[in-house]
Structure formats: C-alpha cells, structure tokens
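Peer 1: Below you will find the structure I want to go over with you.
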Amino acid sequence: MTVNPDITSVSERSKDFLNLAGINYGSRLLVGTGKYKNLQETRSAIVASGAEIVTVAIRRTNIGQDKNIPNLLEVISPREFTILPNTAGCYSAKDAVRTCRLARELLDGHSLVKLEVLGDEKTLYPNVVETINAAKTLIEEDFQVMVYTNDDPIVAKELEAMGCIAVMPLAAPIGSGLGIRNPHNIFTIVENASVPILVDAGVGTASDAAVAMELGCDGVLMNTAIAEAQNPVLMASAMKNGIVAGREAYLAGRMPRRRYASASSPIDGSFF
C-alpha cells in the first residue's frame, strides 16, 4: 500500500476530498432514506451521519410524483444535500433506464444516478448482464452513472471502462449486515481502479465501515445498518466516525503483520 504523501497531518485531512462527477465532498459516507420510522427520524440520522450525498429509491419514495403524500425533499432539500436517485427495485435494464429518466425529469435535469439492476428478490444480487446493458444506455444519454455490482474485479473493471464514474461492489447481500465477506476481492478492485470505489450493501456496524476504508475504498454507501439500528441517530454518528477512522488508518499505512512477537520497546542500548 502506498501512503499518500500529501496527507501528513490531521489538519491536512481537511483537504482529503471524495471527488464524484467533478465535485469534491468532505464526507465519504453516503446514506439512504428507506426503512426509517418517519421523515423526521430520516433527517435526524442523515444530519448525524455527516453525509453530503443522500440516495433515494425513485420507485419507492415520493419526491414529487404524488402531491397528496409527504415529499421527502421537504426534509432532505437538494439545496442542502446532493440527491442521488437510485434504481432499487428494478429487475431489468429497461426498467432501470426508465427510472433514471424519471429521476432526471423530477430533479430538473439531474444526471448523477446510482444504477442497480437486481437478479432476484431473495438474494438481491445484481444481474450483471442487465446492469451492463443499462449502464451502456445511460452513459450514451449523458447520465453520470455510479453502479452497484458484485465483487468481481473483472466486472468492476469492465464497468469502469464503459464510462461509469464510480463502481460500487457489494460487501454482502443488501440489508444483510454481514460485513465485508470477501475483502481480498474488494482490495483487488480498489488497487486496479482509476475511478472511485465505494462499498455498497452489507455493512452492519461501524467496524465494517472502517474495514472498507482501510482496504482503500473511497467511500461507503449504507442504509439498513443505520435505519434498523436500535438508535439510528447514534448509529449514524458511529458510522461517520468509523469512516473517518478507517480512512485515516489507510492513509497512515498500517504496520506489517508478523508471525511472531516483536518487542514494543527496543532492547538495543538497554541499561541492564
């Protein structure tokens, strides 16, 4: 692992931005808006997380489609957060593309989207073939695509080559809370990427978020881990701190692993 020579002090960490679609973000934590008890809890948790990018399932969340029910954007304003529409619940490229087009219309030409095309309702694993087909169409239509995929390094590289601005491999199945099941694949994706890599799905607690960042990921997207915690607002704060700790540990460069003990205090020059 190569330590970033430009990040040499805590004060310089303030310059360590996540860049997506040409915009710098101070937070590397992206959060969702589903599964909360109400809109006020949604807002409180998001504020506590420090996230600047909030993802919204267009097929499941009202952001203006229905004038007769509460609008999420009344508590999560686009003036305050970057809204990241996603295609959760789509099982074909056709449905995913249609959903992104709707999001663009509802959000006044917004082009940044999170693409996910699922394979089945039980596992919610991505359908890679349909994902690639949808990504191709969306890129041709000038969408800026952040893409959810499995943890296959070959697929990740192909999605990057197509023009996706960020690749988002799963850590474990959506909503499982199992943590990072295959850190070796995630690390391989990271070390071969030239676009941001963000872990998406499977995080359960703050230590999972820290592990993702220690592997070199550029960020983490989560929803269920916060929303289904016994105290979502407190968990959101914990996730924020986990992201920061993991990122700083990655930049610092961990000590080498050793098979045997190594004395903490040097013995050279001992008095007796």
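Ordered as shown in the structure tokens, chains take letters A, B, and onward, while each chain numbers its residues from 1 and ligands are numbered from 1 in the order shown.
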With the cut-off set at 10 Å and counting only C-alpha atoms, tabulate each residue of region 51-155 of chain A with an atom at most that distance from an atom of region 25-40 of chain A, showing the nearest atom pair and its distance in Å to one decimal, ordered by chain and increasing number, as a tab-separated table.
Peer 2:
```
residue	atom	partner	partner_atom	distance
A:Ala51	CA	A:Leu29	CA	5.4
A:Glu52	CA	A:Ser27	CA	6.4
A:Ile53	CA	A:Leu30	CA	5.3
A:Val54	CA	A:Val31	CA	5.2
A:Thr55	CA	A:Gly32	CA	4.8
A:Val56	CA	A:Thr33	CA	6.1
A:Ala57	CA	A:Gly34	CA	7.9
A:Arg60	CA	A:Gly34	CA	8.6
A:Thr61	CA	A:Gly34	CA	8.1
A:Pro70	CA	A:Leu39	CA	8.6
A:Asn71	CA	A:Leu39	CA	9.1
A:Leu72	CA	A:Leu39	CA	7.0
A:Leu73	CA	A:Leu39	CA	9.8
A:Glu74	CA	A:Leu39	CA	9.1
A:Val75	CA	A:Leu39	CA	7.0
A:Ile76	CA	A:Leu39	CA	9.0
A:Thr82	CA	A:Tyr25	CA	9.8
A:Ile83	CA	A:Gly32	CA	9.9
A:Leu84	CA	A:Gly32	CA	9.0
A:Pro85	CA	A:Gly32	CA	9.9
A:Asn86	CA	A:Gly32	CA	9.6
```
Peer 1: Write a file of the just-selected residues containing C-alpha atoms, as a JSON list (two decimals), in the first residue's frame.
Peer 2:
```
[["chain", "number", "residue", "atom", "x", "y", "z"],
["A", 51, "ALA", "CA", -23.28, 12.66, 4.77],
["A", 52, "GLU", "CA", -23.48, 15.11, 1.90],
["A", 53, "ILE", "CA", -24.86, 12.63, -0.65],
["A", 54, "VAL", "CA", -28.24, 11.04, 0.02],
["A", 55, "THR", "CA", -29.56, 8.26, -2.19],
["A", 56, "VAL", "CA", -33.28, 7.95, -2.92],
["A", 57, "ALA", "CA", -35.15, 4.96, -4.37],
["A", 60, "ARG", "CA", -40.35, 3.64, -3.59],
["A", 61, "THR", "CA", -40.01, 7.24, -2.39],
["A", 70, "PRO", "CA", -45.32, 13.85, 2.17],
["A", 71, "ASN", "CA", -42.42, 14.69, -0.09],
["A", 72, "LEU", "CA", -39.00, 13.53, 1.10],
["A", 73, "LEU", "CA", -37.42, 16.65, -0.38],
["A", 74, "GLU", "CA", -39.28, 18.71, 2.20],
["A", 75, "VAL", "CA", -36.88, 17.40, 4.86],
["A", 76, "ILE", "CA", -33.89, 16.49, 2.67],
["A", 82, "THR", "CA", -26.73, 16.06, -3.26],
["A", 83, "ILE", "CA", -29.66, 13.82, -4.11],
["A", 84, "LEU", "CA", -28.56, 10.53, -5.67],
["A", 85, "PRO", "CA", -31.54, 8.82, -7.35],
["A", 86, "ASN", "CA", -31.25, 5.04, -7.45]]
```
Peer 1: Which residues are close to Ala210 (chain A), i.e. within 12 Å by only C-alpha atoms, leaving aside same-chain residues fewer than 5 positions away? Reply as a list in words.
Peer 2: Arg28, Leu29, Gly179, Ile180, Val199, Val203, Gly204, Thr205, Leu215, Gly216, Cys217, Asp218, Gly219, Val220, Ala238, Met239, Lys240, Asn241, Gly242, Ile243, Val244, Ala245, Gly246, Arg247, Glu248, Ala249 and Tyr250 of chain A
Peer 1: Store the residues of this selection in a file with N, CA, C and O atoms, as a short mmCIF file (atom, residue, chain, number, x, y, z; two decimals), in the first residue's frame.
Peer 2:
```cif
data_model
loop_
_atom_site.label_atom_id
_atom_site.label_comp_id
_atom_site.auth_asym_id
_atom_site.auth_seq_id
_atom_site.Cartn_x
_atom_site.Cartn_y
_atom_site.Cartn_z
N ARG A 28 -17.10 10.90 3.18
CA ARG A 28 -17.01 9.70 2.34
C ARG A 28 -18.11 8.70 2.69
O ARG A 28 -18.06 7.56 2.25
N LEU A 29 -19.07 9.13 3.45
CA LEU A 29 -20.22 8.30 3.81
C LEU A 29 -21.44 8.77 3.02
O LEU A 29 -21.80 9.95 3.07
N GLY A 179 -21.30 -7.59 6.90
CA GLY A 179 -19.96 -7.03 6.78
C GLY A 179 -19.27 -7.47 5.50
O GLY A 179 -19.89 -8.09 4.63
N ILE A 180 -18.01 -7.18 5.38
CA ILE A 180 -17.27 -7.47 4.15
C ILE A 180 -16.88 -8.94 4.13
O ILE A 180 -16.00 -9.38 4.87
N VAL A 199 -17.90 0.80 -1.33
CA VAL A 199 -18.62 -0.39 -0.89
C VAL A 199 -20.10 -0.05 -0.75
O VAL A 199 -20.46 0.98 -0.17
N VAL A 203 -22.98 -3.66 4.92
CA VAL A 203 -22.37 -3.12 6.13
C VAL A 203 -23.35 -3.24 7.29
O VAL A 203 -24.55 -2.98 7.13
N GLY A 204 -22.86 -3.64 8.49
CA GLY A 204 -23.75 -3.80 9.63
C GLY A 204 -23.47 -2.87 10.78
O GLY A 204 -24.37 -2.47 11.50
N THR A 205 -22.19 -2.50 10.93
CA THR A 205 -21.82 -1.64 12.05
C THR A 205 -20.58 -0.83 11.68
O THR A 205 -20.03 -0.98 10.59
N LEU A 215 -9.27 -0.85 3.53
CA LEU A 215 -8.92 -1.56 2.29
C LEU A 215 -8.60 -0.59 1.16
O LEU A 215 -8.11 -1.01 0.10
N GLY A 216 -8.88 0.68 1.36
CA GLY A 216 -8.59 1.68 0.34
C GLY A 216 -9.81 2.15 -0.43
O GLY A 216 -9.67 2.90 -1.40
N CYS A 217 -11.00 1.70 -0.03
CA CYS A 217 -12.21 2.18 -0.71
C CYS A 217 -12.33 3.69 -0.54
O CYS A 217 -11.89 4.27 0.45
N ASP A 218 -12.94 4.32 -1.53
CA ASP A 218 -13.09 5.77 -1.50
C ASP A 218 -14.29 6.21 -0.67
O ASP A 218 -14.39 7.39 -0.31
N GLY A 219 -15.19 5.30 -0.39
CA GLY A 219 -16.36 5.64 0.40
C GLY A 219 -17.21 4.42 0.64
O GLY A 219 -16.92 3.32 0.17
N VAL A 220 -18.29 4.62 1.40
CA VAL A 220 -19.23 3.55 1.71
C VAL A 220 -20.64 4.11 1.63
O VAL A 220 -20.91 5.21 2.11
N ALA A 238 -21.90 6.95 14.75
CA ALA A 238 -20.86 5.93 14.83
C ALA A 238 -20.30 5.62 13.45
O ALA A 238 -19.08 5.45 13.27
N MET A 239 -21.18 5.54 12.44
CA MET A 239 -20.73 5.27 11.08
C MET A 239 -19.83 6.40 10.56
O MET A 239 -18.82 6.15 9.90
N LYS A 240 -20.21 7.62 10.87
CA LYS A 240 -19.38 8.76 10.47
C LYS A 240 -17.97 8.62 11.04
O LYS A 240 -16.97 8.79 10.33
N ASN A 241 -17.89 8.28 12.32
CA ASN A 241 -16.59 8.15 12.96
C ASN A 241 -15.82 6.94 12.44
O ASN A 241 -14.59 6.99 12.31
N GLY A 242 -16.54 5.86 12.12
CA GLY A 242 -15.88 4.68 11.56
C GLY A 242 -15.25 4.96 10.21
O GLY A 242 -14.14 4.51 9.92
N ILE A 243 -15.95 5.72 9.39
CA ILE A 243 -15.42 6.11 8.08
C ILE A 243 -14.15 6.94 8.23
O ILE A 243 -13.13 6.70 7.56
N VAL A 244 -14.20 7.90 9.12
CA VAL A 244 -13.03 8.77 9.33
C VAL A 244 -11.85 7.97 9.86
O VAL A 244 -10.72 8.10 9.38
N ALA A 245 -12.10 7.11 10.86
CA ALA A 245 -11.01 6.32 11.44
C ALA A 245 -10.39 5.39 10.39
O ALA A 245 -9.16 5.27 10.31
N GLY A 246 -11.24 4.73 9.61
CA GLY A 246 -10.73 3.82 8.58
C GLY A 246 -9.92 4.53 7.52
O GLY A 246 -8.89 4.04 7.07
N ARG A 247 -10.40 5.69 7.11
CA ARG A 247 -9.68 6.47 6.08
C ARG A 247 -8.32 6.92 6.62
O ARG A 247 -7.30 6.82 5.92
N GLU A 248 -8.28 7.41 7.85
CA GLU A 248 -7.01 7.87 8.41
C GLU A 248 -6.03 6.70 8.59
O GLU A 248 -4.83 6.85 8.36
N ALA A 249 -6.55 5.55 8.99
CA ALA A 249 -5.68 4.38 9.13
C ALA A 249 -5.09 3.97 7.79
O ALA A 249 -3.91 3.61 7.69
N TYR A 250 -5.92 4.03 6.74
CA TYR A 250 -5.43 3.70 5.39
C TYR A 250 -4.34 4.67 4.96
O TYR A 250 -3.28 4.26 4.45
#
```
Peer 1: For CA of Ala134 (chain A) and CA of Asp108 (chain A), quote the distance in Å rounded to one decimal.
Peer 2: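 Separation of CA of Ala134 (chain A) and CA of Asp108 (chain A): 21.4 Å.
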Peer 1: Using only C-alpha atoms, determine which residues lie at most 12 Å from Thr137 (chain A), disregarding the query and same-chain residues fewer than 3 positions distant; provide the list as a PDB file with N, CA, C and O atoms, in the first residue's frame.
Peer 2:
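Wrote it out as around-v9.pdb, contents follow:
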```pdb
ATOM      1  N   ALA A  93     -32.878  -4.010 -17.387  1.00  0.00           N
ATOM      2  CA  ALA A  93     -32.240  -2.783 -17.869  1.00  0.00           C
ATOM      3  C   ALA A  93     -33.296  -1.766 -18.291  1.00  0.00           C
ATOM      4  O   ALA A  93     -33.149  -0.566 -18.036  1.00  0.00           O
ATOM      5  N   LYS A  94     -34.357  -2.238 -18.923  1.00  0.00           N
ATOM      6  CA  LYS A  94     -35.414  -1.352 -19.398  1.00  0.00           C
ATOM      7  C   LYS A  94     -36.039  -0.560 -18.253  1.00  0.00           C
ATOM      8  O   LYS A  94     -36.213   0.661 -18.340  1.00  0.00           O
ATOM      9  N   ASP A  95     -36.373  -1.245 -17.154  1.00  0.00           N
ATOM     10  CA  ASP A  95     -36.969  -0.564 -16.008  1.00  0.00           C
ATOM     11  C   ASP A  95     -35.990   0.406 -15.361  1.00  0.00           C
ATOM     12  O   ASP A  95     -36.371   1.500 -14.926  1.00  0.00           O
ATOM     13  N   ALA A  96     -34.728   0.019 -15.276  1.00  0.00           N
ATOM     14  CA  ALA A  96     -33.729   0.882 -14.657  1.00  0.00           C
ATOM     15  C   ALA A  96     -33.527   2.158 -15.458  1.00  0.00           C
ATOM     16  O   ALA A  96     -33.451   3.260 -14.897  1.00  0.00           O
ATOM     17  N   VAL A  97     -33.462   2.038 -16.761  1.00  0.00           N
ATOM     18  CA  VAL A  97     -33.290   3.216 -17.620  1.00  0.00           C
ATOM     19  C   VAL A  97     -34.501   4.135 -17.499  1.00  0.00           C
ATOM     20  O   VAL A  97     -34.362   5.361 -17.384  1.00  0.00           O
ATOM     21  N   ARG A  98     -35.691   3.545 -17.514  1.00  0.00           N
ATOM     22  CA  ARG A  98     -36.911   4.349 -17.380  1.00  0.00           C
ATOM     23  C   ARG A  98     -36.921   5.111 -16.048  1.00  0.00           C
ATOM     24  O   ARG A  98     -37.303   6.284 -15.981  1.00  0.00           O
ATOM     25  N   CYS A 100     -34.336   6.096 -14.236  1.00  0.00           N
ATOM     26  CA  CYS A 100     -33.354   7.185 -14.274  1.00  0.00           C
ATOM     27  C   CYS A 100     -33.882   8.378 -15.087  1.00  0.00           C
ATOM     28  O   CYS A 100     -33.656   9.537 -14.712  1.00  0.00           O
ATOM     29  N   ARG A 101     -34.580   8.089 -16.149  1.00  0.00           N
ATOM     30  CA  ARG A 101     -35.176   9.172 -16.943  1.00  0.00           C
ATOM     31  C   ARG A 101     -36.217   9.927 -16.129  1.00  0.00           C
ATOM     32  O   ARG A 101     -36.300  11.164 -16.203  1.00  0.00           O
ATOM     33  N   LEU A 115     -27.049   3.252 -10.305  1.00  0.00           N
ATOM     34  CA  LEU A 115     -27.686   2.186 -11.067  1.00  0.00           C
ATOM     35  C   LEU A 115     -27.566   0.868 -10.329  1.00  0.00           C
ATOM     36  O   LEU A 115     -26.474   0.455  -9.943  1.00  0.00           O
ATOM     37  N   GLU A 130     -27.774  -7.427 -17.215  1.00  0.00           N
ATOM     38  CA  GLU A 130     -28.721  -6.318 -17.329  1.00  0.00           C
ATOM     39  C   GLU A 130     -28.114  -5.011 -16.831  1.00  0.00           C
ATOM     40  O   GLU A 130     -28.395  -3.930 -17.364  1.00  0.00           O
ATOM     41  N   THR A 131     -27.272  -5.105 -15.826  1.00  0.00           N
ATOM     42  CA  THR A 131     -26.591  -3.908 -15.327  1.00  0.00           C
ATOM     43  C   THR A 131     -25.720  -3.285 -16.408  1.00  0.00           C
ATOM     44  O   THR A 131     -25.734  -2.064 -16.628  1.00  0.00           O
ATOM     45  N   ILE A 132     -24.944  -4.106 -17.097  1.00  0.00           N
ATOM     46  CA  ILE A 132     -24.077  -3.606 -18.173  1.00  0.00           C
ATOM     47  C   ILE A 132     -24.911  -3.001 -19.297  1.00  0.00           C
ATOM     48  O   ILE A 132     -24.581  -1.927 -19.831  1.00  0.00           O
ATOM     49  N   ASN A 133     -26.007  -3.651 -19.658  1.00  0.00           N
ATOM     50  CA  ASN A 133     -26.869  -3.116 -20.720  1.00  0.00           C
ATOM     51  C   ASN A 133     -27.453  -1.761 -20.331  1.00  0.00           C
ATOM     52  O   ASN A 133     -27.495  -0.825 -21.140  1.00  0.00           O
ATOM     53  N   ALA A 134     -27.909  -1.657 -19.079  1.00  0.00           N
ATOM     54  CA  ALA A 134     -28.473  -0.389 -18.613  1.00  0.00           C
ATOM     55  C   ALA A 134     -27.404   0.700 -18.555  1.00  0.00           C
ATOM     56  O   ALA A 134     -27.642   1.847 -18.956  1.00  0.00           O
ATOM     57  N   GLU A 140     -24.717   6.626 -22.742  1.00  0.00           N
ATOM     58  CA  GLU A 140     -24.993   7.218 -24.055  1.00  0.00           C
ATOM     59  C   GLU A 140     -25.938   8.409 -23.941  1.00  0.00           C
ATOM     60  O   GLU A 140     -25.887   9.336 -24.762  1.00  0.00           O
ATOM     61  N   GLU A 141     -26.776   8.421 -22.900  1.00  0.00           N
ATOM     62  CA  GLU A 141     -27.720   9.518 -22.682  1.00  0.00           C
ATOM     63  C   GLU A 141     -27.167  10.561 -21.710  1.00  0.00           C
ATOM     64  O   GLU A 141     -27.905  11.395 -21.185  1.00  0.00           O
ATOM     65  N   ASP A 142     -25.875  10.521 -21.500  1.00  0.00           N
ATOM     66  CA  ASP A 142     -25.152  11.518 -20.694  1.00  0.00           C
ATOM     67  C   ASP A 142     -25.502  11.506 -19.217  1.00  0.00           C
ATOM     68  O   ASP A 142     -25.380  12.528 -18.526  1.00  0.00           O
ATOM     69  N   PHE A 143     -25.913  10.359 -18.697  1.00  0.00           N
ATOM     70  CA  PHE A 143     -26.024  10.209 -17.260  1.00  0.00           C
ATOM     71  C   PHE A 143     -24.641   9.946 -16.674  1.00  0.00           C
ATOM     72  O   PHE A 143     -23.772   9.366 -17.329  1.00  0.00           O
ATOM     73  N   GLN A 144     -24.441  10.382 -15.457  1.00  0.00           N
ATOM     74  CA  GLN A 144     -23.222  10.080 -14.711  1.00  0.00           C
ATOM     75  C   GLN A 144     -23.560   8.915 -13.788  1.00  0.00           C
ATOM     76  O   GLN A 144     -24.291   9.071 -12.803  1.00  0.00           O
ATOM     77  N   VAL A 145     -23.037   7.750 -14.113  1.00  0.00           N
ATOM     78  CA  VAL A 145     -23.513   6.503 -13.519  1.00  0.00           C
ATOM     79  C   VAL A 145     -22.567   5.988 -12.433  1.00  0.00           C
ATOM     80  O   VAL A 145     -21.391   5.719 -12.690  1.00  0.00           O
ATOM     81  N   MET A 162     -16.378   1.168 -19.458  1.00  0.00           N
ATOM     82  CA  MET A 162     -17.546   1.652 -20.192  1.00  0.00           C
ATOM     83  C   MET A 162     -17.785   3.143 -19.981  1.00  0.00           C
ATOM     84  O   MET A 162     -18.402   3.793 -20.805  1.00  0.00           O
ATOM     85  N   GLY A 163     -17.349   3.651 -18.823  1.00  0.00           N
ATOM     86  CA  GLY A 163     -17.557   5.064 -18.538  1.00  0.00           C
ATOM     87  C   GLY A 163     -18.320   5.356 -17.262  1.00  0.00           C
ATOM     88  O   GLY A 163     -18.688   6.522 -17.013  1.00  0.00           O
ATOM     89  N   CYS A 164     -18.557   4.344 -16.426  1.00  0.00           N
ATOM     90  CA  CYS A 164     -19.182   4.606 -15.131  1.00  0.00           C
ATOM     91  C   CYS A 164     -18.237   5.453 -14.283  1.00  0.00           C
ATOM     92  O   CYS A 164     -17.032   5.203 -14.255  1.00  0.00           O
TER      93      CYS A 164
END
```
Peer 1: Which residue gives the smallest distance to Leu159 (chain A) among A:Asn24, A:Ser237, A:Gln230, A:Ser194, with only C-alpha atoms counted?
Peer 2: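 With only C-alpha atoms as the atom set, the closest residue is A:Ser194.
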Peer 1: Using DSSP on the backbone, list every residue of region 33-262 of chain A that comes out as helix (DSSP H, G or I), and give them as a VMD selection string.
Peer 2: chain A and resid 39 to 49 72 to 74 93 to 106 128 to 140 153 to 162 183 to 191 206 to 214 224 to 227 232 to 252
Peer 1: Among region 21-259 of chain A, which ones does DSSP place in strand (DSSP E or B), written as a PyMOL selection string?
Peer 2: chain A and resi 23-25+29-32+53-57+82-86+112-115+118+126+144-149+166-169+197-200+219-222
Peer 1: Which polymer residues have any atom within 9 Å of an atom of region 174-176 of chain A, counting only C-alpha atoms, with same-chain residues fewer than 2 positions away left out, as a ChimeraX atom specification?
Peer 2: /A:123-125,170-172,178-179,200-204,222-225
Peer 1: Include N, CA and C atoms and write out the residues we just selected as a PDB file, in the first residue's frame.
Peer 2:
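Final output, out.pdb:
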```
ATOM      1  N   THR A 123     -32.096 -12.884  -2.971  1.00  0.00           N
ATOM      2  CA  THR A 123     -30.705 -12.512  -2.683  1.00  0.00           C
ATOM      3  C   THR A 123     -30.416 -11.039  -2.948  1.00  0.00           C
ATOM      4  N   LEU A 124     -31.179 -10.430  -3.852  1.00  0.00           N
ATOM      5  CA  LEU A 124     -30.942  -9.055  -4.298  1.00  0.00           C
ATOM      6  C   LEU A 124     -29.533  -8.873  -4.869  1.00  0.00           C
ATOM      7  N   TYR A 125     -28.944  -9.972  -5.332  1.00  0.00           N
ATOM      8  CA  TYR A 125     -27.663  -9.853  -6.025  1.00  0.00           C
ATOM      9  C   TYR A 125     -27.885  -9.137  -7.355  1.00  0.00           C
ATOM     10  N   LEU A 170     -20.654  -4.871  -3.818  1.00  0.00           N
ATOM     11  CA  LEU A 170     -21.289  -5.229  -2.563  1.00  0.00           C
ATOM     12  C   LEU A 170     -20.274  -5.820  -1.595  1.00  0.00           C
ATOM     13  N   ALA A 171     -20.505  -5.579  -0.312  1.00  0.00           N
ATOM     14  CA  ALA A 171     -19.712  -6.233   0.721  1.00  0.00           C
ATOM     15  C   ALA A 171     -20.352  -7.554   1.107  1.00  0.00           C
ATOM     16  N   ALA A 172     -21.687  -7.581   1.039  1.00  0.00           N
ATOM     17  CA  ALA A 172     -22.519  -8.748   1.351  1.00  0.00           C
ATOM     18  C   ALA A 172     -23.903  -8.415   0.803  1.00  0.00           C
ATOM     19  N   LEU A 178     -23.915  -8.367   7.154  1.00  0.00           N
ATOM     20  CA  LEU A 178     -22.881  -9.378   7.364  1.00  0.00           C
ATOM     21  C   LEU A 178     -21.465  -8.828   7.313  1.00  0.00           C
ATOM     22  N   GLY A 179     -21.299  -7.585   6.899  1.00  0.00           N
ATOM     23  CA  GLY A 179     -19.963  -7.026   6.777  1.00  0.00           C
ATOM     24  C   GLY A 179     -19.275  -7.467   5.496  1.00  0.00           C
ATOM     25  N   ASP A 200     -20.944  -0.902  -1.294  1.00  0.00           N
ATOM     26  CA  ASP A 200     -22.385  -0.664  -1.282  1.00  0.00           C
ATOM     27  C   ASP A 200     -23.082  -1.970  -0.908  1.00  0.00           C
ATOM     28  N   ALA A 201     -23.751  -1.979   0.220  1.00  0.00           N
ATOM     29  CA  ALA A 201     -24.567  -3.108   0.674  1.00  0.00           C
ATOM     30  C   ALA A 201     -23.784  -4.052   1.578  1.00  0.00           C
ATOM     31  N   GLY A 202     -24.423  -4.449   2.675  1.00  0.00           N
ATOM     32  CA  GLY A 202     -23.881  -5.467   3.554  1.00  0.00           C
ATOM     33  C   GLY A 202     -23.235  -4.973   4.829  1.00  0.00           C
ATOM     34  N   VAL A 203     -22.978  -3.665   4.924  1.00  0.00           N
ATOM     35  CA  VAL A 203     -22.365  -3.122   6.133  1.00  0.00           C
ATOM     36  C   VAL A 203     -23.355  -3.243   7.292  1.00  0.00           C
ATOM     37  N   GLY A 204     -22.860  -3.638   8.488  1.00  0.00           N
ATOM     38  CA  GLY A 204     -23.745  -3.804   9.625  1.00  0.00           C
ATOM     39  C   GLY A 204     -23.467  -2.867  10.785  1.00  0.00           C
ATOM     40  N   MET A 222     -24.595   3.203   2.666  1.00  0.00           N
ATOM     41  CA  MET A 222     -25.361   2.319   3.542  1.00  0.00           C
ATOM     42  C   MET A 222     -26.729   2.914   3.834  1.00  0.00           C
ATOM     43  N   ASN A 223     -27.645   2.037   4.234  1.00  0.00           N
ATOM     44  CA  ASN A 223     -28.975   2.455   4.646  1.00  0.00           C
ATOM     45  C   ASN A 223     -29.445   1.621   5.844  1.00  0.00           C
ATOM     46  N   THR A 224     -29.628   0.310   5.625  1.00  0.00           N
ATOM     47  CA  THR A 224     -30.221  -0.549   6.646  1.00  0.00           C
ATOM     48  C   THR A 224     -29.431  -0.538   7.946  1.00  0.00           C
ATOM     49  N   ALA A 225     -28.115  -0.510   7.869  1.00  0.00           N
ATOM     50  CA  ALA A 225     -27.285  -0.555   9.075  1.00  0.00           C
ATOM     51  C   ALA A 225     -27.602   0.597  10.013  1.00  0.00           C
TER      52      ALA A 225
END
```
Peer 1: Got a sec: who's within 12 Å of Ala161 (chain A), counting only C-alpha atoms, leaving out chain neighbours fewer than 4 positions off, as a PyMOL selection string?
Peer 2: chain A and resi 132+135-136+139+154-157+165-167+192-195
Peer 1: Find the residue from A:Ala261, A:His184, A:Ala209, A:Lys114 that sits nearest to Ile226 (chain A); use only C-alpha atoms when measuring.
Peer 2: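 That would be A:Ala209, the residue with the smallest distance to Ile226 (chain A).
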Peer 1: As a PDB file with C-alpha atoms, in the first residue's frame, please: the residues near Pro126 (chain A) (cut-off 10 Å, only C-alpha atoms, same-chain neighbours under 6 positions excluded).
Peer 2:
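Now in part-v5.pdb:
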```
ATOM      1  CA  TYR A  91     -35.022  -6.211 -12.351  1.00  0.00           C
ATOM      2  CA  GLU A 116     -28.687  -1.172  -9.666  1.00  0.00           C
ATOM      3  CA  VAL A 117     -30.399  -3.962 -11.584  1.00  0.00           C
ATOM      4  CA  LEU A 118     -31.268  -6.904  -9.370  1.00  0.00           C
ATOM      5  CA  GLY A 119     -31.343 -10.577 -10.271  1.00  0.00           C
ATOM      6  CA  ASP A 120     -33.947 -11.936  -7.856  1.00  0.00           C
ATOM      7  CA  TYR A 148     -23.853  -1.309  -7.942  1.00  0.00           C
ATOM      8  CA  THR A 149     -22.304  -4.641  -8.835  1.00  0.00           C
ATOM      9  CA  ASN A 150     -20.923  -7.833  -7.349  1.00  0.00           C
ATOM     10  CA  PRO A 169     -19.207  -3.553  -5.243  1.00  0.00           C
ATOM     11  CA  LEU A 170     -21.289  -5.229  -2.563  1.00  0.00           C
ATOM     12  CA  PRO A 173     -26.167  -9.053   0.286  1.00  0.00           C
ATOM     13  CA  ILE A 174     -28.284  -5.899   0.589  1.00  0.00           C
TER      14      ILE A 174
END
```
